[in-house]
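Working notes, structure below.
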Amino acid sequence: MHVKTLSRRTAVGAVSMAVALAGIVGTSSPASAHTATISQSQAEGILRNGNVTWSSSGNCTYRYNSTCTSFEQIRHSTVEGAVALRQSGCAVNITGGTEVGHASGTYSHYNGWKIDINKYTCITNYIHGFSYIGLRGDGAPMYKSASGNIYADEGSHWDITFYSCGCSFD
């Protein structure tokens, strides 16, 4: 019997192809599980366990009311990112989630990639430790964490885009 040894490059290519095909037929990979969307109750459970708070001016969670703070269809990685941010030792209070009223786009609040948090001194100092990357189109100063997440200072709050959670499983 002849056994052919694959080069590292060929093996990596084969694994990448298998992962891509698995995604096509609906088998989830660990990466897709973390970017999958979750329900309001699932998000609340994760946030509560991670000591992350949330509030809304309307005291509600309905996704189609801009005064609510909704987590319906939020990305699992976004919720885990908020919990990871809380591990900084600073309070994290979410004031904006997937509810209507935010800017549109692929990596938007509505699509589950972004949250707004209160701008407390502790968390602001923590975010200022990230790399300053310039001004957003609307003039908001932006900072980028080592995990690639973007923190935009919108004056009254932080607008955060979680491309990854920044967790140990990233």
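Lettering and numbering for the structure tokens are positional, with chains as A, B, ... in the shown order, residues counted from 1 in each chain, and ligands counted from 1 in the shown order.
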List the neighbours of Ile117 in chain A out to 9 Å using only C-alpha atoms; skip same-chain residues closer than 5 positions along the sequence, and give me the result as a list of chain:residue names.
A:Trp54, A:Val92, A:Asn93, A:Ile94, A:Thr95, A:Gly96, A:His157, A:Trp158, A:Asp159, A:Ile160
I'd like the contact shell of Tyr143 in chain A - 10 Å cut-off, only C-alpha atoms, skipping same-chain residues fewer than 4 positions apart - returned as a PDB file with N, CA and C atoms, in the first residue's frame.
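Saved result, result_5.pdb, follows:
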ATOM      1  N   ILE A 127     -10.471  51.786  26.645  1.00  0.00           N
ATOM      2  CA  ILE A 127     -10.519  51.833  25.173  1.00  0.00           C
ATOM      3  C   ILE A 127      -9.407  52.710  24.619  1.00  0.00           C
ATOM      4  N   HIS A 128      -9.065  53.776  25.312  1.00  0.00           N
ATOM      5  CA  HIS A 128      -7.976  54.644  24.851  1.00  0.00           C
ATOM      6  C   HIS A 128      -6.627  53.921  24.850  1.00  0.00           C
ATOM      7  N   GLY A 129      -6.550  52.762  25.490  1.00  0.00           N
ATOM      8  CA  GLY A 129      -5.344  51.937  25.445  1.00  0.00           C
ATOM      9  C   GLY A 129      -5.208  51.152  24.142  1.00  0.00           C
ATOM     10  N   PHE A 130      -6.278  51.123  23.331  1.00  0.00           N
ATOM     11  CA  PHE A 130      -6.236  50.467  22.027  1.00  0.00           C
ATOM     12  C   PHE A 130      -5.576  51.410  21.018  1.00  0.00           C
ATOM     13  N   SER A 131      -5.347  50.925  19.823  1.00  0.00           N
ATOM     14  CA  SER A 131      -4.716  51.723  18.775  1.00  0.00           C
ATOM     15  C   SER A 131      -5.696  52.744  18.200  1.00  0.00           C
ATOM     16  N   TYR A 132      -5.308  54.004  18.222  1.00  0.00           N
ATOM     17  CA  TYR A 132      -6.117  55.045  17.584  1.00  0.00           C
ATOM     18  C   TYR A 132      -5.939  54.882  16.082  1.00  0.00           C
ATOM     19  N   ILE A 133      -7.052  54.815  15.340  1.00  0.00           N
ATOM     20  CA  ILE A 133      -6.953  54.565  13.894  1.00  0.00           C
ATOM     21  C   ILE A 133      -7.520  55.700  13.046  1.00  0.00           C
ATOM     22  N   GLY A 134      -7.897  56.809  13.672  1.00  0.00           N
ATOM     23  CA  GLY A 134      -8.373  57.952  12.907  1.00  0.00           C
ATOM     24  C   GLY A 134      -9.843  58.234  13.129  1.00  0.00           C
ATOM     25  N   LEU A 135     -10.353  59.125  12.301  1.00  0.00           N
ATOM     26  CA  LEU A 135     -11.741  59.562  12.420  1.00  0.00           C
ATOM     27  C   LEU A 135     -12.636  58.807  11.439  1.00  0.00           C
ATOM     28  N   GLY A 148      -9.320  43.204  16.602  1.00  0.00           N
ATOM     29  CA  GLY A 148      -9.877  43.787  15.385  1.00  0.00           C
ATOM     30  C   GLY A 148     -11.191  44.515  15.553  1.00  0.00           C
ATOM     31  N   ASN A 149     -11.724  44.574  16.763  1.00  0.00           N
ATOM     32  CA  ASN A 149     -12.985  45.275  16.995  1.00  0.00           C
ATOM     33  C   ASN A 149     -12.754  46.784  16.982  1.00  0.00           C
ATOM     34  N   ILE A 150     -13.771  47.512  16.529  1.00  0.00           N
ATOM     35  CA  ILE A 150     -13.653  48.960  16.374  1.00  0.00           C
ATOM     36  C   ILE A 150     -14.555  49.664  17.391  1.00  0.00           C
ATOM     37  N   TYR A 151     -13.986  50.627  18.082  1.00  0.00           N
ATOM     38  CA  TYR A 151     -14.666  51.411  19.112  1.00  0.00           C
ATOM     39  C   TYR A 151     -14.709  52.856  18.640  1.00  0.00           C
ATOM     40  N   ALA A 152     -15.905  53.368  18.380  1.00  0.00           N
ATOM     41  CA  ALA A 152     -16.066  54.746  17.900  1.00  0.00           C
ATOM     42  C   ALA A 152     -16.672  55.602  19.010  1.00  0.00           C
ATOM     43  N   ASP A 153     -16.025  56.709  19.305  1.00  0.00           N
ATOM     44  CA  ASP A 153     -16.485  57.640  20.335  1.00  0.00           C
ATOM     45  C   ASP A 153     -17.514  58.576  19.711  1.00  0.00           C
ATOM     46  N   ILE A 160     -19.639  50.232  19.262  1.00  0.00           N
ATOM     47  CA  ILE A 160     -18.641  49.176  19.111  1.00  0.00           C
ATOM     48  C   ILE A 160     -19.077  48.180  18.043  1.00  0.00           C
TER      49      ILE A 160
END
Go through range 30-163 of chain A and collect every residue that DSSP, computed from the backbone, puts in alpha helix (DSSP H); the answer should be as a PyMOL selection string.
chain A and resi 30-35+40-49+76-86+121-127
Mind dumping the selected residues with C-alpha atoms as a PDB file, in the first residue's frame?
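Writing done, so here's out_15.pdb:
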ATOM      1  CA  PRO A  30     -16.918  26.831  15.472  1.00  0.00           C
ATOM      2  CA  ALA A  31     -16.369  30.185  13.738  1.00  0.00           C
ATOM      3  CA  SER A  32     -19.898  30.288  12.342  1.00  0.00           C
ATOM      4  CA  ALA A  33     -21.344  29.304  15.718  1.00  0.00           C
ATOM      5  CA  HIS A  34     -19.852  32.425  17.277  1.00  0.00           C
ATOM      6  CA  THR A  35     -21.185  34.720  14.551  1.00  0.00           C
ATOM      7  CA  GLN A  40     -33.227  38.134  23.226  1.00  0.00           C
ATOM      8  CA  SER A  41     -33.453  35.644  26.103  1.00  0.00           C
ATOM      9  CA  GLN A  42     -30.220  33.863  25.121  1.00  0.00           C
ATOM     10  CA  ALA A  43     -28.364  37.186  24.965  1.00  0.00           C
ATOM     11  CA  GLU A  44     -29.801  38.339  28.292  1.00  0.00           C
ATOM     12  CA  GLY A  45     -28.659  35.105  29.955  1.00  0.00           C
ATOM     13  CA  ILE A  46     -25.102  35.428  28.660  1.00  0.00           C
ATOM     14  CA  LEU A  47     -24.925  39.122  29.576  1.00  0.00           C
ATOM     15  CA  ARG A  48     -26.392  38.570  33.031  1.00  0.00           C
ATOM     16  CA  ASN A  49     -23.876  35.780  33.718  1.00  0.00           C
ATOM     17  CA  HIS A  76     -23.283  35.530  19.630  1.00  0.00           C
ATOM     18  CA  SER A  77     -19.790  37.016  19.154  1.00  0.00           C
ATOM     19  CA  THR A  78     -21.136  40.511  19.883  1.00  0.00           C
ATOM     20  CA  VAL A  79     -22.655  39.406  23.185  1.00  0.00           C
ATOM     21  CA  GLU A  80     -19.510  37.499  24.140  1.00  0.00           C
ATOM     22  CA  GLY A  81     -17.506  40.585  23.152  1.00  0.00           C
ATOM     23  CA  ALA A  82     -19.456  42.687  25.646  1.00  0.00           C
ATOM     24  CA  VAL A  83     -18.740  40.094  28.341  1.00  0.00           C
ATOM     25  CA  ALA A  84     -15.030  40.076  27.407  1.00  0.00           C
ATOM     26  CA  LEU A  85     -15.016  43.880  27.623  1.00  0.00           C
ATOM     27  CA  ARG A  86     -16.514  43.652  31.117  1.00  0.00           C
ATOM     28  CA  THR A 121     -14.479  57.100  32.642  1.00  0.00           C
ATOM     29  CA  CYS A 122     -13.116  53.616  33.387  1.00  0.00           C
ATOM     30  CA  ILE A 123     -14.188  52.086  30.076  1.00  0.00           C
ATOM     31  CA  THR A 124     -13.077  55.176  28.135  1.00  0.00           C
ATOM     32  CA  ASN A 125      -9.601  54.940  29.659  1.00  0.00           C
ATOM     33  CA  TYR A 126      -9.516  51.238  28.828  1.00  0.00           C
ATOM     34  CA  ILE A 127     -10.519  51.833  25.173  1.00  0.00           C
TER      35      ILE A 127
END
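CA of Ser147 in chain A sits 28.9 Å away from CA of Cys68 in chain A.
Rounded to one decimal, CA of Ala91 in chain A and CA of Tyr120 in chain A lie 7.7 Å from each other.
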For CA of Ser145 in chain A and CA of Cys167 in chain A, determine how far apart the two atoms are, in Å to one decimal place.
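One can read the CA of Ser145 in chain A to CA of Cys167 in chain A distance as 12.0 Å.
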